[in-house]
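Visitor: Sharing input-v8.cif here; it has mmCIF, C-alpha atoms and all ligand atoms.
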data_model
loop_
_atom_site.label_atom_id
_atom_site.label_comp_id
_atom_site.auth_asym_id
_atom_site.auth_seq_id
_atom_site.Cartn_x
_atom_site.Cartn_y
_atom_site.Cartn_z
CA MET A 1 132.42 -65.30 -64.42
CA ASN A 2 130.34 -63.98 -61.52
CA GLN A 3 126.70 -64.84 -61.94
CA LEU A 4 125.92 -64.13 -58.34
CA SER A 5 123.25 -61.66 -57.30
CA ASP A 6 124.06 -58.16 -56.10
CA ARG A 7 122.43 -59.26 -52.87
CA ILE A 8 125.09 -61.85 -52.08
CA ASN A 9 127.94 -59.90 -53.64
CA ASN A 10 127.14 -57.00 -51.32
CA LEU A 11 126.85 -59.16 -48.22
CA SER A 12 129.81 -59.28 -45.83
CA THR A 13 131.04 -62.62 -44.58
CA SER A 14 130.27 -63.15 -40.88
CA ALA A 15 133.48 -62.04 -39.17
CA THR A 16 132.99 -64.38 -36.21
CA LEU A 17 132.50 -67.43 -38.40
CA ALA A 18 135.31 -66.37 -40.77
CA MET A 19 137.78 -66.13 -37.88
CA ALA A 20 136.63 -69.46 -36.48
CA ALA A 21 137.15 -71.07 -39.91
CA LYS A 22 140.60 -69.53 -40.22
CA ALA A 23 141.60 -70.77 -36.76
CA ARG A 24 140.31 -74.25 -37.67
CA GLU A 25 142.37 -74.21 -40.89
CA LEU A 26 145.57 -73.20 -39.09
CA ARG A 27 144.97 -75.88 -36.49
CA GLN A 28 144.68 -78.45 -39.27
CA GLU A 29 148.06 -77.28 -40.52
CA GLY A 30 149.42 -78.24 -37.10
CA LYS A 31 149.52 -74.76 -35.50
CA ASP A 32 148.66 -74.62 -31.81
CA ILE A 33 145.92 -72.00 -32.06
CA ILE A 34 143.97 -70.92 -28.99
CA GLY A 35 140.52 -70.03 -30.20
CA LEU A 36 139.06 -67.03 -28.39
CA SER A 37 137.11 -65.88 -31.41
CA LEU A 38 133.85 -67.78 -31.40
CA GLY A 39 131.05 -67.05 -28.98
CA GLU A 40 130.37 -70.61 -28.08
CA PRO A 41 130.28 -72.15 -24.60
CA ASP A 42 132.98 -74.81 -24.23
CA PHE A 43 130.78 -76.94 -21.96
CA ASN A 44 128.94 -80.07 -23.01
CA THR A 45 125.19 -79.91 -23.39
CA PRO A 46 123.82 -81.03 -19.97
CA ASP A 47 123.03 -84.76 -19.75
CA PHE A 48 119.37 -84.23 -18.91
CA VAL A 49 118.94 -82.41 -22.22
CA LYS A 50 120.84 -85.04 -24.19
CA GLU A 51 118.67 -87.75 -22.68
CA ALA A 52 115.52 -85.94 -23.79
CA ALA A 53 116.83 -85.87 -27.36
CA ILE A 54 117.57 -89.59 -27.27
CA GLN A 55 114.08 -90.19 -25.93
CA ALA A 56 112.62 -88.12 -28.79
CA ILE A 57 114.47 -90.24 -31.34
CA ASN A 58 113.22 -93.43 -29.71
CA ASP A 59 109.70 -91.99 -29.62
CA ASN A 60 109.94 -91.58 -33.40
CA TYR A 61 110.01 -87.84 -33.62
CA ASN A 62 110.92 -87.84 -37.28
CA SER A 63 108.28 -85.85 -39.13
CA TYR A 64 107.94 -82.19 -39.99
CA SER A 65 106.91 -80.21 -36.94
CA PRO A 66 104.45 -77.31 -37.19
CA VAL A 67 106.31 -74.44 -38.90
CA ASP A 68 106.31 -72.31 -35.75
CA GLY A 69 107.26 -75.19 -33.44
CA TYR A 70 105.59 -77.95 -31.43
CA VAL A 71 102.83 -76.75 -29.12
CA GLU A 72 104.64 -78.48 -26.22
CA LEU A 73 107.71 -76.39 -26.89
CA LYS A 74 105.77 -73.17 -27.36
CA GLN A 75 104.05 -73.90 -24.06
CA ALA A 76 107.43 -74.44 -22.36
CA ILE A 77 108.62 -71.12 -23.83
CA ILE A 78 105.51 -69.35 -22.49
CA THR A 79 106.18 -70.84 -19.04
CA LYS A 80 109.85 -69.82 -19.24
CA PHE A 81 108.96 -66.25 -20.25
CA LYS A 82 106.58 -66.04 -17.27
CA ARG A 83 108.97 -67.65 -14.80
CA ASP A 84 112.19 -65.85 -15.76
CA ASN A 85 111.03 -62.61 -17.36
CA ASN A 86 107.56 -61.82 -16.06
CA LEU A 87 106.36 -61.75 -19.68
CA HIS A 88 102.92 -63.05 -20.52
CA TYR A 89 102.83 -64.33 -24.09
CA THR A 90 100.15 -66.50 -25.69
CA LEU A 91 100.64 -69.40 -28.11
CA PRO A 92 100.19 -67.36 -31.33
CA GLN A 93 102.89 -64.96 -30.14
CA ILE A 94 105.66 -67.57 -30.05
CA VAL A 95 107.71 -68.73 -33.06
CA VAL A 96 110.47 -71.32 -32.78
CA SER A 97 113.27 -71.05 -35.32
CA THR A 98 116.54 -72.66 -36.39
CA GLY A 99 118.57 -70.60 -33.94
CA ALA A 100 118.07 -67.05 -32.75
CA LYS A 101 119.95 -66.11 -35.90
CA GLN A 102 117.00 -67.23 -37.99
CA SER A 103 114.61 -65.48 -35.59
CA LEU A 104 116.47 -62.22 -36.23
CA ALA A 105 116.68 -62.78 -39.98
CA ASN A 106 112.91 -63.39 -40.04
CA ILE A 107 112.27 -60.15 -38.15
CA ALA A 108 114.36 -58.18 -40.63
CA GLN A 109 112.59 -59.74 -43.60
CA VAL A 110 109.06 -59.27 -42.30
CA LEU A 111 109.40 -55.71 -40.95
CA ILE A 112 111.84 -53.76 -43.10
CA ASN A 113 110.87 -51.96 -46.30
CA LYS A 114 113.45 -50.49 -48.65
CA GLY A 115 115.16 -47.53 -46.97
CA ASP A 116 113.79 -48.16 -43.49
CA GLU A 117 116.32 -47.30 -40.82
CA VAL A 118 117.28 -49.60 -37.97
CA ILE A 119 119.15 -48.07 -35.06
CA LEU A 120 122.07 -50.22 -33.92
CA PRO A 121 123.85 -49.08 -30.76
CA CYS A 122 127.55 -49.85 -31.30
CA PRO A 123 129.06 -52.25 -30.69
CA TYR A 124 126.35 -54.62 -31.92
CA TRP A 125 126.34 -58.30 -32.74
CA VAL A 126 128.09 -58.87 -36.02
CA SER A 127 125.11 -60.12 -38.06
CA TYR A 128 122.63 -57.33 -37.26
CA ALA A 129 123.90 -54.85 -39.85
CA ASP A 130 124.01 -57.37 -42.67
CA MET A 131 120.60 -58.80 -41.85
CA VAL A 132 119.21 -55.29 -42.08
CA LYS A 133 120.99 -54.64 -45.39
CA LEU A 134 119.81 -57.96 -46.79
CA ALA A 135 116.27 -56.72 -46.19
CA ASP A 136 117.07 -53.43 -48.03
CA GLY A 137 117.14 -51.53 -44.75
CA VAL A 138 119.69 -48.99 -43.59
CA PRO A 139 121.66 -49.68 -40.40
CA VAL A 140 122.10 -46.50 -38.36
CA GLU A 141 125.08 -46.94 -36.07
CA VAL A 142 125.16 -45.02 -32.80
CA GLN A 143 128.61 -44.91 -31.23
CA THR A 144 129.02 -45.46 -27.52
CA SER A 145 132.22 -45.36 -25.50
CA ILE A 146 134.13 -47.66 -23.21
CA GLU A 147 133.85 -44.95 -20.53
CA ASN A 148 130.06 -45.35 -20.63
CA ASP A 149 130.40 -49.15 -20.65
CA PHE A 150 129.41 -49.16 -24.33
CA LYS A 151 125.82 -48.20 -23.54
CA ILE A 152 123.63 -45.81 -25.51
CA THR A 153 122.01 -42.91 -23.63
CA PRO A 154 118.41 -41.71 -24.11
CA GLU A 155 119.78 -38.49 -25.67
CA GLN A 156 121.79 -40.45 -28.22
CA LEU A 157 118.77 -42.57 -29.06
CA GLU A 158 116.57 -39.54 -29.59
CA LYS A 159 119.16 -37.90 -31.82
CA ALA A 160 119.35 -40.98 -34.05
CA ILE A 161 115.60 -41.14 -34.65
CA THR A 162 114.31 -39.88 -38.01
CA PRO A 163 110.95 -40.25 -39.78
CA LYS A 164 112.42 -43.37 -41.42
CA THR A 165 113.30 -45.14 -38.17
CA LYS A 166 111.56 -48.49 -38.09
CA MET A 167 113.31 -50.34 -35.29
CA ILE A 168 116.07 -50.41 -32.74
CA TRP A 169 117.97 -53.68 -32.24
CA TYR A 170 120.18 -54.33 -29.24
CA SER A 171 121.40 -57.22 -27.10
CA SER A 172 121.65 -57.17 -23.31
CA PRO A 173 123.81 -58.74 -22.01
CA CYS A 174 125.60 -57.51 -25.11
CA ASN A 175 127.63 -59.41 -27.62
CA PRO A 176 130.38 -58.18 -28.04
CA SER A 177 130.78 -55.76 -25.08
CA GLY A 178 129.26 -57.84 -22.27
CA SER A 179 127.32 -54.75 -21.14
CA VAL A 180 124.06 -55.19 -19.27
CA TYR A 181 121.35 -52.52 -19.32
CA SER A 182 119.77 -51.91 -15.91
CA LYS A 183 116.04 -51.45 -15.48
CA ASN A 184 116.50 -47.68 -15.13
CA GLU A 185 118.61 -47.47 -18.25
CA LEU A 186 116.05 -49.41 -20.28
CA ARG A 187 113.27 -47.26 -18.87
CA GLY A 188 115.20 -44.19 -20.01
CA LEU A 189 115.27 -45.55 -23.58
CA ALA A 190 111.61 -46.58 -23.35
CA ASP A 191 110.69 -43.05 -22.29
CA VAL A 192 112.19 -41.69 -25.50
CA LEU A 193 110.40 -44.33 -27.55
CA GLN A 194 107.09 -43.28 -25.99
CA LYS A 195 107.23 -40.23 -28.20
CA TYR A 196 107.62 -42.41 -31.31
CA PRO A 197 104.93 -45.08 -31.06
CA ASN A 198 105.70 -46.69 -34.44
CA ILE A 199 109.25 -47.74 -33.61
CA ILE A 200 109.63 -51.45 -32.81
CA VAL A 201 112.24 -52.75 -30.39
CA VAL A 202 114.12 -55.98 -30.99
CA SER A 203 115.52 -57.10 -27.67
CA ASP A 204 118.04 -59.91 -28.10
CA GLU A 205 118.23 -61.68 -24.74
CA ILE A 206 120.19 -64.78 -25.70
CA TYR A 207 122.75 -64.14 -22.92
CA GLU A 208 120.14 -63.39 -20.23
CA HIS A 209 121.41 -66.02 -17.79
CA ILE A 210 125.07 -65.08 -18.19
CA ASN A 211 124.69 -61.97 -16.09
CA PHE A 212 127.04 -61.46 -13.13
CA VAL A 213 125.51 -58.39 -11.56
CA SER A 214 121.75 -58.21 -11.57
CA LYS A 215 118.50 -59.86 -12.46
CA HIS A 216 117.93 -59.75 -16.19
CA VAL A 217 115.49 -57.10 -17.44
CA SER A 218 113.43 -57.46 -20.62
CA MET A 219 112.23 -54.39 -22.50
CA ALA A 220 108.80 -56.05 -22.90
CA GLU A 221 108.40 -56.11 -19.09
CA PHE A 222 107.36 -52.48 -19.27
CA PRO A 223 103.63 -52.72 -19.98
CA ASP A 224 103.81 -49.77 -22.38
CA MET A 225 106.51 -51.55 -24.43
CA PHE A 226 105.05 -55.06 -24.58
CA ASP A 227 103.04 -54.54 -27.76
CA ARG A 228 105.95 -53.10 -29.71
CA THR A 229 108.82 -55.31 -28.61
CA VAL A 230 110.08 -58.54 -30.09
CA THR A 231 111.88 -60.59 -27.45
CA VAL A 232 114.50 -62.85 -29.01
CA ASN A 233 116.04 -65.74 -27.11
CA GLY A 234 117.48 -69.22 -27.62
CA VAL A 235 119.27 -72.10 -25.98
CA SER A 236 122.69 -71.87 -27.67
CA LYS A 237 124.38 -69.99 -24.85
CA ALA A 238 122.44 -70.91 -21.72
CA PHE A 239 122.44 -74.66 -22.34
CA ALA A 240 125.62 -74.97 -24.42
CA MET A 241 123.55 -76.04 -27.43
CA THR A 242 124.97 -73.95 -30.28
CA GLY A 243 124.88 -76.78 -32.80
CA TRP A 244 121.36 -77.87 -31.95
CA ARG A 245 120.01 -74.72 -33.60
CA ILE A 246 116.95 -73.67 -31.63
CA GLY A 247 115.95 -70.05 -31.03
CA TYR A 248 112.60 -68.39 -30.47
CA ILE A 249 110.70 -65.14 -30.21
CA GLY A 250 107.84 -63.71 -28.21
CA ALA A 251 106.23 -61.00 -30.33
CA PRO A 252 103.05 -59.11 -31.13
CA ASP A 253 100.68 -61.51 -32.94
CA TYR A 254 101.00 -59.90 -36.37
CA ILE A 255 104.79 -60.12 -36.29
CA ALA A 256 104.76 -63.73 -35.09
CA ARG A 257 102.29 -64.64 -37.85
CA ALA A 258 104.53 -63.03 -40.44
CA CYS A 259 107.63 -64.87 -39.18
CA ASN A 260 105.68 -68.11 -39.35
CA LYS A 261 104.72 -67.35 -42.97
CA MET A 262 108.33 -66.49 -43.86
CA GLN A 263 109.66 -69.66 -42.29
CA GLY A 264 106.97 -71.70 -44.05
CA GLN A 265 108.48 -70.72 -47.39
CA VAL A 266 112.13 -70.79 -46.40
CA THR A 267 112.93 -73.55 -43.91
CA SER A 268 109.78 -75.14 -42.37
CA GLY A 269 109.83 -75.98 -38.67
CA ALA A 270 113.11 -76.36 -36.78
CA ASN A 271 114.71 -79.75 -36.15
CA CYS A 272 112.13 -81.92 -34.36
CA ILE A 273 114.52 -83.80 -32.06
CA ALA A 274 116.23 -80.63 -30.91
CA GLN A 275 112.82 -79.05 -30.26
CA MET A 276 111.87 -81.91 -27.92
CA ALA A 277 115.19 -81.64 -26.07
CA VAL A 278 114.55 -77.93 -25.59
CA VAL A 279 111.15 -78.63 -23.99
CA THR A 280 113.08 -80.44 -21.23
CA ALA A 281 115.79 -77.76 -21.05
CA LEU A 282 113.35 -74.87 -20.64
CA ASN A 283 111.15 -76.66 -18.14
CA GLU A 284 114.08 -76.88 -15.73
CA PRO A 285 114.85 -73.90 -13.48
CA PRO A 286 117.87 -71.74 -14.45
CA SER A 287 119.65 -73.01 -11.31
CA ARG A 288 120.46 -76.17 -13.34
CA ILE A 289 122.92 -74.16 -15.44
CA GLN A 290 124.30 -71.94 -12.69
CA TYR A 291 127.57 -73.95 -12.62
CA MET A 292 128.41 -72.64 -16.11
CA VAL A 293 127.61 -69.06 -15.12
CA ASN A 294 129.82 -69.36 -12.02
CA GLU A 295 132.68 -70.62 -14.13
CA PHE A 296 132.26 -67.77 -16.64
CA LYS A 297 132.39 -65.31 -13.76
CA GLU A 298 135.70 -66.72 -12.55
CA ARG A 299 137.09 -66.58 -16.06
CA ARG A 300 136.02 -62.96 -16.41
CA SER A 301 138.05 -62.02 -13.31
CA LEU A 302 141.00 -64.00 -14.59
CA ILE A 303 141.06 -62.53 -18.10
CA LEU A 304 140.57 -58.96 -16.84
CA LYS A 305 143.40 -59.35 -14.34
CA LEU A 306 145.72 -60.73 -17.02
CA LEU A 307 144.74 -58.27 -19.75
CA ASN A 308 145.07 -55.26 -17.48
CA ALA A 309 148.69 -56.21 -16.97
CA VAL A 310 149.37 -55.96 -20.71
CA HIS A 311 150.37 -52.43 -21.67
CA GLY A 312 148.14 -50.94 -24.37
CA PHE A 313 144.90 -52.80 -23.63
CA LYS A 314 142.14 -50.61 -22.23
CA THR A 315 139.31 -52.59 -20.67
CA ASN A 316 136.09 -52.00 -18.78
CA GLU A 317 134.37 -54.57 -16.60
CA PRO A 318 131.74 -56.41 -18.65
CA GLU A 319 128.73 -57.42 -16.58
CA GLY A 320 127.55 -60.38 -18.61
CA ALA A 321 127.95 -62.69 -21.64
CA PHE A 322 131.44 -64.16 -22.06
CA TYR A 323 133.37 -61.49 -23.93
CA VAL A 324 135.78 -58.70 -23.19
CA PHE A 325 136.00 -55.90 -25.71
CA PRO A 326 139.24 -54.01 -25.06
CA ASP A 327 140.18 -50.81 -26.84
CA VAL A 328 143.47 -51.54 -28.61
CA SER A 329 143.86 -48.25 -30.47
CA TYR A 330 147.10 -47.65 -28.52
CA PHE A 331 148.77 -50.04 -31.00
CA PHE A 332 147.54 -48.29 -34.16
CA GLY A 333 150.40 -46.77 -36.11
CA LYS A 334 152.97 -48.87 -34.25
CA THR A 335 155.20 -51.51 -35.82
CA LEU A 336 155.35 -54.84 -34.01
CA ARG A 337 157.92 -57.42 -35.11
CA GLY A 338 158.24 -55.57 -38.41
CA LYS A 339 154.47 -55.46 -39.04
CA LEU A 340 152.64 -52.13 -39.20
CA ILE A 341 149.40 -52.20 -37.20
CA GLU A 342 147.02 -49.74 -38.81
CA ASN A 343 143.71 -50.85 -37.32
CA ALA A 344 141.93 -53.48 -35.23
CA ALA A 345 141.78 -55.94 -38.14
CA ASP A 346 145.58 -55.76 -38.51
CA PHE A 347 145.96 -56.20 -34.76
CA SER A 348 143.65 -59.20 -34.59
CA LEU A 349 145.48 -60.79 -37.53
CA TYR A 350 148.80 -60.04 -35.86
CA LEU A 351 147.64 -61.83 -32.70
CA LEU A 352 146.59 -64.81 -34.78
CA GLU A 353 149.88 -65.04 -36.64
CA GLU A 354 152.32 -64.07 -33.89
CA ALA A 355 150.58 -65.17 -30.68
CA LEU A 356 148.53 -67.96 -32.28
CA VAL A 357 145.45 -66.59 -30.55
CA ALA A 358 142.21 -66.09 -32.48
CA THR A 359 140.15 -63.00 -31.61
CA VAL A 360 137.71 -60.94 -33.71
CA SER A 361 138.34 -57.40 -34.89
CA GLY A 362 135.88 -54.76 -33.68
CA GLU A 363 135.11 -53.27 -37.13
CA SER A 364 132.42 -55.79 -37.89
CA PHE A 365 130.75 -55.01 -34.55
CA GLY A 366 130.71 -51.33 -35.47
CA ASP A 367 133.64 -50.31 -33.24
CA PRO A 368 136.97 -50.03 -35.04
CA ASN A 369 139.04 -49.33 -31.91
CA CYS A 370 138.42 -52.64 -30.18
CA ILE A 371 138.80 -56.37 -30.53
CA ARG A 372 136.52 -59.03 -29.09
CA ILE A 373 138.02 -61.76 -26.95
CA SER A 374 135.74 -64.61 -25.97
CA TYR A 375 136.50 -66.23 -22.63
CA ALA A 376 134.44 -69.31 -23.35
CA ALA A 377 137.65 -71.31 -22.93
CA SER A 378 139.34 -73.05 -20.02
CA GLN A 379 141.26 -71.02 -17.44
CA GLU A 380 144.47 -72.72 -18.63
CA GLN A 381 143.78 -71.67 -22.22
CA ILE A 382 142.94 -68.12 -21.16
CA THR A 383 146.12 -67.86 -19.10
CA GLU A 384 148.28 -69.18 -21.91
CA ALA A 385 146.56 -66.99 -24.52
CA ILE A 386 147.06 -63.75 -22.63
CA LYS A 387 150.64 -64.71 -21.84
CA ARG A 388 151.29 -65.17 -25.56
CA ILE A 389 149.51 -61.91 -26.40
CA GLY A 390 151.60 -60.09 -23.80
CA GLU A 391 154.81 -61.45 -25.35
CA ALA A 392 153.70 -60.63 -28.88
CA VAL A 393 153.00 -56.97 -28.10
CA SER A 394 155.84 -56.25 -25.69
N1 LIG B 401 122.26 -63.04 -30.91
C1 LIG B 401 123.46 -62.88 -30.33
C2 LIG B 401 123.71 -61.62 -29.57
C3 LIG B 401 124.44 -63.86 -30.45
O1 LIG B 401 125.63 -63.70 -29.88
C4 LIG B 401 124.18 -65.00 -31.21
C5 LIG B 401 125.31 -65.97 -31.41
N2 LIG B 401 125.09 -67.21 -31.37
C6 LIG B 401 122.90 -65.15 -31.78
C7 LIG B 401 121.97 -64.15 -31.61
C8 LIG B 401 122.50 -66.34 -32.58
O2 LIG B 401 122.42 -67.48 -31.80
P1 LIG B 401 121.85 -68.87 -32.32
O3 LIG B 401 121.52 -68.70 -33.77
O4 LIG B 401 122.94 -69.84 -32.08
O5 LIG B 401 120.66 -69.16 -31.50
N1 LIG B 402 127.17 -65.70 -31.84
C1 LIG B 402 128.46 -66.30 -31.81
C2 LIG B 402 129.52 -65.25 -31.94
O1 LIG B 402 129.22 -64.08 -31.93
C3 LIG B 402 128.55 -67.42 -32.79
C4 LIG B 402 128.97 -67.10 -34.18
C5 LIG B 402 127.87 -66.61 -35.02
O2 LIG B 402 126.77 -67.16 -34.97
O3 LIG B 402 128.14 -65.67 -35.77
O4 LIG B 402 130.66 -65.58 -32.02
#
Would you mind writing the file out in structure tokens?
Ligand code: PMP
Ligand code: GLU

Guide:
Amino acid sequence: MNQLSDRINNLSTSATLAMAAKARELRQEGKDIIGLSLGEPDFNTPDFVKEAAIQAINDNYNSYSPVDGYVELKQAIITKFKRDNNLHYTLPQIVVSTGAKQSLANIAQVLINKGDEVILPCPYWVSYADMVKLADGVPVEVQTSIENDFKITPEQLEKAITPKTKMIWYSSPCNPSGSVYSKNELRGLADVLQKYPNIIVVSDEIYEHINFVSKHVSMAEFPDMFDRTVTVNGVSKAFAMTGWRIGYIGAPDYIARACNKMQGQVTSGANCIAQMAVVTALNEPPSRIQYMVNEFKERRSLILKLLNAVHGFKTNEPEGAFYVFPDVSYFFGKTLRGKLIENAADFSLYLLEEALVATVSGESFGDPNCIRISYAASQEQITEAIKRIGEAVS
């Protein structure tokens, strides 16, 4: 018997979380799996943040917080937006949520009407398309290419726009490609959007600090885009706080108010102890977390050097985040150790079974030629993983 709603029956399982669960299962069976599937820093949360959480417990932070977050935290977010992004938000424009994932889900629910189109430059983060569908919207995928560093051009954006276009969602630095849009590139997209004043931009900046090439640029920094952009951010990546579940937005007042209303019926305010720890995290300058960024940069060089030596992997140089997104279509149609590889899903599964390395297939990011490899793992693990992959495909 299946009494489940069409809504859930039609929803895909998150590919990143599914692969992480599968890797966990195999590990429990005693297999020595190297997990390069989940986008999760392998560092500990910094001590100064942990201490703030302990202090919050001892100070009896145990009640419901305001639905949109403690004023102290919203104030810290406003200061952070000013300091790091030159964005000038006010208190009613900030909403704190249970992870940036909830921030994004709120945005979909409060802005999309049935049939509204949301432009998703491919590859996009795995949950965007399903969040849009869950809100009865239509994801409109725009293909990019590895040659163009997986970035959408203004011409491509303009071509994808129809009278039904409601929003464009993108992340920069991008999960899964690691691409970073420069100021000029964003301005080029903004220039197109000038002709379509009703389209809202959702700029997911959760990897802003993990940028190896340039100062991060926010779409909302352009004065003509501020009133139509939702800036999404969180502490999962920058402060190695994935499990603490705090994300936030800066948005036009009416959108922030709507997200607050949605959250008030669905979850209430985010965890109060985590919120207080994040006040401390955000009040510190980004230099406090530079050691993690430096380490990611070294790992990027290492994994690119190793992968480029494996025949059949086509890579570009990602400029941020902690992923490489190689094109593996060379292997499609080939038989490896008696197994026919028809697509990226087969290839990713093959790597799991034969190399004991967990990656994520590109299909669920909207690019069926690639796989995502996270390098949020130690240099020893990365070296061993690529060695095993090399053996499995040789
Ligand atoms: N956006 C992007 C691009 C991500 O990679 C993630 C993954 N964690 C999220 C949003 C959600 O982050 P969280 O819910 O942990 O804040
Ligand atoms: N964002 C991370 C990833 O892409 C975590 C998993 C998830 O939230 O889906 O792997």

Visitor: Rank A:Ser301, A:Gln265, A:Gln275, A:Ser179 by their smallest atom-to-atom distance to Gln379 in chain A, using all atoms listed in the file, and report the top residue only.

Guide: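 That would be A:Ser301, the residue with the smallest distance to Gln379 in chain A.
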
Visitor: Determine, counting all atoms listed in the file, every residue of protein, DNA or RNA that lies within 12 Å of (117.1, -58.4, -14.6) in the file coordinates, then give the result as JSON, numbers by chain.

Guide: {"A": [84, 85, 86, 172, 173, 180, 181, 182, 183, 184, 185, 186, 205, 207, 208, 209, 210, 211, 212, 213, 214, 215, 216, 217, 218, 219, 220, 221, 319, 320]}

Visitor: Could you turn the residues from that selection into a file that holds C-alpha atoms, as a short mmCIF file (atom, residue, chain, number, x, y, z; two decimals), keeping the file's coordinate frame?

Guide:
data_model
loop_
_atom_site.label_atom_id
_atom_site.label_comp_id
_atom_site.auth_asym_id
_atom_site.auth_seq_id
_atom_site.Cartn_x
_atom_site.Cartn_y
_atom_site.Cartn_z
CA ASP A 84 112.19 -65.85 -15.76
CA ASN A 85 111.03 -62.61 -17.36
CA ASN A 86 107.56 -61.82 -16.06
CA SER A 172 121.65 -57.17 -23.31
CA PRO A 173 123.81 -58.74 -22.01
CA VAL A 180 124.06 -55.19 -19.27
CA TYR A 181 121.35 -52.52 -19.32
CA SER A 182 119.77 -51.91 -15.91
CA LYS A 183 116.04 -51.45 -15.48
CA ASN A 184 116.50 -47.68 -15.13
CA GLU A 185 118.61 -47.47 -18.25
CA LEU A 186 116.05 -49.41 -20.28
CA GLU A 205 118.23 -61.68 -24.74
CA TYR A 207 122.75 -64.14 -22.92
CA GLU A 208 120.14 -63.39 -20.23
CA HIS A 209 121.41 -66.02 -17.79
CA ILE A 210 125.07 -65.08 -18.19
CA ASN A 211 124.69 -61.97 -16.09
CA PHE A 212 127.04 -61.46 -13.13
CA VAL A 213 125.51 -58.39 -11.56
CA SER A 214 121.75 -58.21 -11.57
CA LYS A 215 118.50 -59.86 -12.46
CA HIS A 216 117.93 -59.75 -16.19
CA VAL A 217 115.49 -57.10 -17.44
CA SER A 218 113.43 -57.46 -20.62
CA MET A 219 112.23 -54.39 -22.50
CA ALA A 220 108.80 -56.05 -22.90
CA GLU A 221 108.40 -56.11 -19.09
CA GLU A 319 128.73 -57.42 -16.58
CA GLY A 320 127.55 -60.38 -18.61
#

Visitor: Could the residues that lie within 6 Å of ligand LIG 402 (chain B), counting all atoms listed in the file, be listed as a PyMOL selection string?

Guide: chain A and resi 16-17+38-40

Visitor: Kindly compile the residues surrounding ligand LIG 401 (chain B) within 7 Å, counting only C-alpha atoms and all ligand atoms, and format them as an MDAnalysis selection string.

Guide: chainID A and resid 39 98:102 125 171 174:175 204 206 234:236 242 245:247

Visitor: Any idea what the distance is between CA of Glu380 in chain A and CA of Ala20 in chain A?

Guide: 19.8 Å

Visitor: Around all the atoms of range 327-334 of chain A listed in the file, draw an axis-aligned box and extend it by 8 Å on each of the six sides; I want its centre and edge lengths in Å to one decimal, as JSON.

Guide:
{"center_x": 146.6, "center_y": -49.2, "center_z": -31.5, "size_x": 28.8, "size_y": 20.8, "size_z": 25.3}

Visitor: Rounded to one decimal in Å, what is the spacing between CA of Val279 in chain A and CA of Ile77 in chain A?

Guide: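 Straight-line distance from CA of Val279 in chain A to CA of Ile77 in chain A works out to 7.9 Å.
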
Visitor: Considering all atoms listed in the file, can you say which of A:Val266, A:Ala105, A:Leu356, A:Ile34 comes closest to Ser127 in chain A?

Guide: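 Going through A:Val266, A:Ala105, A:Leu356, A:Ile34 one by one, the smallest distance to Ser127 in chain A is for A:Ala105.
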
Visitor: In Å, with one decimal, what is the gap from CA of Lys74 in chain A to CA of Val118 in chain A?

Guide: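 Straight-line distance from CA of Lys74 in chain A to CA of Val118 in chain A works out to 28.3 Å.
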
Visitor: Check the smallest atom-to-atom distance from each of A:Ser287, A:Ser361, A:Gln93, A:Gln3 to Phe81 in chain A using all atoms listed in the file, then report the winner.

Guide: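 That would be A:Gln93, the residue with the smallest distance to Phe81 in chain A.
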
Visitor: Check the smallest atom-to-atom distance from each of A:Gly30, A:Ser177, A:Lys314, A:Leu36 to Ala358 in chain A using only C-alpha atoms, then report the winner.

Guide: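 Of all the options, A:Leu36 lies closest to Ala358 in chain A.
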